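Asks: Sharing start.txt, compact mmCIF, C-alpha atoms:
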```txt
# COMPACT_ATOMS: atom_id res chain seq x y z
CA ARG J 1 10.03 -26.39 -15.67
CA GLU J 2 11.39 -28.07 -18.76
CA ALA J 3 13.42 -26.91 -21.75
CA GLY J 4 11.07 -25.29 -24.26
CA ASP J 5 8.64 -23.91 -21.67
CA THR J 6 7.47 -20.36 -22.37
CA LYS J 7 5.95 -17.67 -20.20
CA ILE J 8 4.36 -14.41 -21.24
CA VAL J 9 4.38 -11.55 -18.74
CA GLU J 10 2.19 -8.54 -19.47
CA ASP J 11 3.00 -5.07 -18.16
CA SER J 12 -0.41 -3.56 -18.92
CA GLU J 13 0.51 -0.22 -17.37
CA ASN J 14 3.23 0.32 -19.99
CA GLY J 15 1.76 -1.84 -22.76
CA ILE J 16 4.75 -4.18 -22.77
CA TYR J 17 4.77 -7.94 -23.18
CA ARG J 18 7.82 -10.00 -22.23
CA ILE J 19 8.17 -13.53 -23.54
CA TYR J 20 10.50 -15.90 -21.72
CA TYR J 21 11.70 -19.12 -23.31
CA LEU J 22 13.54 -21.68 -21.16
CA LEU J 23 16.55 -23.09 -22.96
CA THR J 24 17.69 -25.42 -20.19
CA PRO J 25 16.19 -26.18 -16.81
CA MET J 26 18.07 -25.24 -13.66
CA HIS J 27 20.81 -27.74 -12.95
CA ARG J 28 24.31 -28.09 -11.57
CA GLU J 29 27.28 -29.52 -13.40
CA GLU J 30 28.12 -32.30 -10.93
CA TYR J 31 31.15 -33.73 -12.75
CA ASN J 32 34.62 -32.53 -11.69
CA SER J 33 36.67 -29.99 -13.59
CA VAL J 34 39.97 -31.31 -14.92
CA ASP J 35 43.46 -29.86 -15.42
CA ILE J 36 45.33 -31.38 -18.35
CA ARG J 37 48.50 -30.99 -20.32
CA GLN J 38 48.34 -31.70 -24.02
CA ILE J 39 50.77 -31.89 -26.90
CA PHE J 40 49.27 -31.57 -30.36
CA PHE J 41 50.95 -33.06 -33.42
CA SER J 42 49.27 -31.46 -36.41
CA ALA J 43 49.19 -33.35 -39.70
CA ASP J 44 49.74 -29.99 -41.43
CA ALA J 45 52.85 -29.21 -39.38
CA PHE J 46 54.39 -32.65 -39.99
CA GLY J 47 53.32 -32.99 -43.63
CA THR J 48 51.10 -36.02 -43.19
CA LYS J 49 49.07 -37.63 -40.47
CA LYS J 50 51.44 -40.61 -40.56
CA GLU J 51 54.46 -38.37 -39.85
CA ALA J 52 52.53 -36.61 -37.07
CA LYS J 53 51.79 -40.02 -35.50
CA LYS J 54 55.46 -40.99 -35.74
CA ALA J 55 56.48 -37.75 -33.94
CA ALA J 56 53.78 -38.32 -31.30
CA ASP J 57 54.98 -41.90 -30.69
CA GLU J 58 58.58 -40.71 -30.29
CA CYS J 59 57.48 -38.01 -27.84
CA LEU J 60 55.35 -40.50 -25.92
CA GLU J 61 58.38 -42.77 -25.54
CA ARG J 62 60.51 -39.87 -24.21
CA LEU J 63 57.76 -39.05 -21.73
CA ARG J 64 57.54 -42.70 -20.68
CA THR J 65 61.28 -42.78 -19.86
CA GLU J 66 60.67 -39.89 -17.44
CA ASP J 67 57.60 -41.55 -15.88
CA PHE J 68 55.27 -39.02 -17.50
CA SER J 69 56.38 -36.32 -15.07
CA ALA J 70 54.66 -32.95 -15.33
CA SER J 71 58.03 -31.26 -15.93
CA ALA J 72 58.86 -33.60 -18.83
CA PHE J 73 55.42 -33.04 -20.29
CA GLU J 74 55.84 -29.27 -19.97
CA ARG J 75 59.22 -29.37 -21.74
CA GLU J 76 57.95 -31.62 -24.55
CA ALA J 77 54.88 -29.43 -25.09
CA LYS J 78 56.98 -26.27 -25.36
CA GLU J 79 59.35 -27.94 -27.82
CA ASN J 80 56.98 -30.02 -29.94
CA SER J 81 53.33 -28.95 -29.77
CA SER J 82 51.67 -27.56 -32.88
CA ASP J 83 49.21 -25.69 -30.65
CA ASP J 84 50.75 -22.21 -30.36
CA VAL J 85 48.43 -21.21 -27.54
CA THR J 86 48.89 -24.07 -25.09
CA LYS J 87 52.53 -24.76 -25.91
CA ASN J 88 53.53 -21.47 -24.27
CA TYR J 89 52.10 -22.83 -21.02
CA GLY J 90 53.68 -26.25 -21.33
CA GLY J 91 50.43 -27.61 -22.72
CA LEU J 92 48.63 -26.79 -19.46
CA GLN J 93 44.89 -26.13 -19.51
CA GLU J 94 43.26 -25.68 -16.12
CA LYS J 95 39.70 -26.02 -14.85
CA LEU J 96 38.29 -27.53 -18.01
CA PHE J 97 34.59 -28.27 -18.33
CA LYS J 98 32.79 -30.47 -20.81
CA SER J 99 31.66 -27.29 -22.54
CA SER J 100 35.33 -26.32 -23.08
CA PHE J 101 35.52 -28.74 -26.02
CA THR J 102 34.25 -28.47 -29.59
CA ASP J 103 32.61 -31.35 -31.43
CA GLU J 104 35.94 -31.93 -33.19
CA SER J 105 37.51 -32.63 -29.78
CA ALA J 106 34.74 -34.93 -28.55
CA ASP J 107 37.09 -37.94 -28.27
CA ILE J 108 39.41 -35.96 -26.01
CA ARG J 109 36.50 -34.66 -23.92
CA ASP J 110 34.95 -38.11 -23.54
CA TRP J 111 38.25 -39.64 -22.38
CA ILE J 112 39.08 -36.81 -19.97
CA PHE J 113 35.66 -36.85 -18.31
CA SER J 114 35.13 -40.60 -18.15
CA GLU J 115 34.43 -41.84 -14.62
CA ASP J 116 37.60 -43.92 -14.34
CA ARG J 117 40.03 -41.05 -15.06
CA ALA J 118 42.69 -40.17 -12.49
CA GLY J 119 45.61 -37.80 -12.19
CA GLY J 120 48.63 -39.11 -14.09
CA ASP J 121 46.62 -40.90 -16.81
CA VAL J 122 48.04 -40.48 -20.32
CA ARG J 123 46.59 -41.27 -23.72
CA LEU J 124 47.37 -40.75 -27.38
CA ILE J 125 44.19 -39.60 -29.13
CA GLU J 126 43.60 -39.13 -32.86
CA ASN J 127 41.28 -36.59 -34.43
CA ASP J 128 40.81 -35.18 -37.93
CA SER J 129 43.65 -32.65 -37.49
CA GLY J 130 46.33 -34.94 -36.10
CA TRP J 131 47.33 -36.56 -32.80
CA PHE J 132 47.14 -35.41 -29.19
CA ILE J 133 49.05 -36.69 -26.20
CA VAL J 134 46.82 -35.87 -23.25
CA TYR J 135 48.01 -36.05 -19.65
CA ILE J 136 45.61 -35.68 -16.71
CA GLU J 137 47.38 -33.24 -14.41
CA LYS J 138 44.65 -33.11 -11.77
CA ILE J 139 40.99 -33.90 -11.18
CA GLY J 140 39.56 -30.72 -9.69
CA GLU J 141 36.47 -29.56 -7.84
CA PRO J 142 32.91 -30.04 -9.08
CA ALA J 143 32.34 -27.92 -12.18
CA TRP J 144 29.40 -26.08 -10.62
CA ARG J 145 31.56 -24.91 -7.71
CA VAL J 146 34.37 -23.66 -9.98
CA GLN J 147 31.86 -21.87 -12.23
CA ALA J 148 30.14 -20.23 -9.24
CA ARG J 149 33.44 -19.05 -7.75
CA GLU J 150 34.77 -17.72 -11.04
CA GLY J 151 31.47 -15.99 -11.80
CA TYR J 152 31.55 -14.30 -8.40
CA LEU J 153 35.18 -13.21 -8.79
CA ASN J 154 34.57 -11.93 -12.32
CA SER J 155 31.61 -9.84 -11.20
CA LYS J 156 33.59 -8.52 -8.24
CA PHE J 157 36.49 -7.58 -10.54
CA SER J 158 34.11 -5.91 -13.02
CA ARG J 159 32.60 -3.81 -10.22
CA TYR J 160 36.07 -2.86 -9.01
CA VAL J 161 37.18 -1.80 -12.50
CA SER J 162 33.93 0.12 -12.97
CA ASP J 163 34.25 1.89 -9.60
CA GLU J 164 37.96 2.65 -9.94
CA GLY J 165 37.74 3.54 -13.63
CA ASP J 166 36.79 7.08 -12.75
CA ASN J 167 39.86 7.50 -10.53
CA TYR J 168 42.51 5.85 -12.71
CA VAL J 169 43.34 5.31 -16.34
CA ILE J 170 43.10 1.61 -17.02
CA ASN J 171 44.81 0.33 -20.15
CA PHE J 172 44.44 -3.20 -21.46
CA ASN J 173 47.22 -4.61 -23.62
CA SER J 174 45.35 -6.98 -25.94
CA ASP J 175 48.63 -8.52 -27.15
CA VAL J 176 49.34 -9.74 -23.63
CA ILE J 177 45.77 -10.76 -22.87
```
Rewrite the structure from the file as structure tokens, please.

Replies:
Amino acid sequence: REAGDTKIVEDSENGIYRIYYLLTPMHREEYNSVDIRQIFFSADAFGTKKEAKKAADECLERLRTEDFSASAFEREAKENSSDDVTKNYGGLQEKLFKSSFTDESADIRDWIFSEDRAGGDVRLIENDSGWFIVYIEKIGEPAWRVQAREGYLNSKFSRYVSDEGDNYVINFNSDVI
């Protein structure tokens, strides 16, 4: 089967037709997932892109003096990153896939997932919004394996919540989530 293939299935007993359209053929994501730390220097936060670059260069030099250790990167991210989501986690983003990135972040995605990447690699990357210092924390398992495991665990958790929902009151705090 190929993308774009269609199949029509007739249920003549009930007078129903189902049309199936194949978006993508069956495949596995063979590349490895990646854990990174990032520090974002937004042009908006620093006034100009030039000032953001200056701050990124200064941060990069501080990181270099500490041999780009994960703890130094975590501290710098918490203190300096313009990304309010990742800065709370020391810039850490785990089990990233190619699909985790938007078109705006294509340069970051392409560098992270290039074949010659290894844990400990660091790079300063520019995009339209500012500058990113990206640190490869770890090259993980094949993406397909991570996706399969997480899908299984999510479905198991959903069944558990569904089954136990009748016995307990389950409250979700969206501010924490």

Asks: For Lys87 of chain J, list every protein, DNA or RNA residue within 7 Å, evaluated using all atoms listed in the file, and leave out those in the same chain fewer than 4 positions away; present the list as a ChimeraX atom specification.

Replies: /J:77-78,81,83,91

Asks: To one decimal place in Å, what is the distance between atom CA of Ser129 of chain J and atom CA of Ser42 of chain J?

Replies: 5.8 Å

Asks: So, counting only C-alpha atoms, which residue among J:Thr24, J:Ile112, J:Phe46, J:Ile16 is closest to Ser100 of chain J?

Replies: J:Ile112

Asks: Identify which of the residues J:Ala148, J:Ala70, J:Val161, J:Leu153 lies closest to Asp121 of chain J, counting only C-alpha atoms when measuring atom-to-atom distances.

Replies: J:Ala70

Asks: Could you list, as JSON, numbers by chain, every residue within 12 Å of Asp5 of chain J, counting only C-alpha atoms and ignoring same-chain residues fewer than 5 positions away?

Replies: {"J": [19, 20, 21, 22, 23, 24, 25]}

Asks: Atom CA of Lys49 of chain J to atom CA of Ile136 of chain J: how many Å, to one decimal?

Replies: 24.1 Å

Asks: Kindly indicate which residue among J:Arg18, J:Tyr160, J:Ser174, J:Val169 lies nearest to Thr6 of chain J, using all atoms listed in the file for the distances.

Replies: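 Once distances to Thr6 of chain J are computed over all atoms listed in the file, the minimum belongs to J:Arg18.
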
Asks: Select, from J:Leu96, J:Ala118, J:Ala52, J:Ala3, the residue with the minimum atom-to-atom distance to Tyr135 of chain J, counting all atoms listed in the file.

Replies: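 Closest to Tyr135 of chain J of all the choices is J:Ala118.
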
Asks: When you look at segment 30-40 of chain J with a cut-off of 7 Å (counting all atoms listed in the file), what residues show up, excluding the ones that are within fewer than 5 positions of it in the same chain? I need them as a list in words.

Replies: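 Here the answer would be Ala77, Ser81, Ser82, Asp83, Gly91, Leu92, Gln93, Glu94, Lys95, Leu96, Phe97, Trp131, Phe132, Ile133, Val134, Tyr135, Ile136, Glu137, Lys138, Ile139, Gly140, Glu141, Pro142, Ala143 and Trp144 of chain J.
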
Asks: Which neighbours of Thr48 of chain J fall inside 12 Å, counting all atoms listed in the file, when residues of the same chain fewer than 5 positions from it are skipped, and could you give them as an MDAnalysis selection string?

Replies: chainID J and resid 41:43 53:55 128:131

Asks: Between atom CA of Val122 of chain J and atom CA of Tyr89 of chain J, what is the distance in Å, rounded to a tenth?

Replies: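 Going from atom CA of Val122 of chain J over to atom CA of Tyr89 of chain J covers 18.1 Å.
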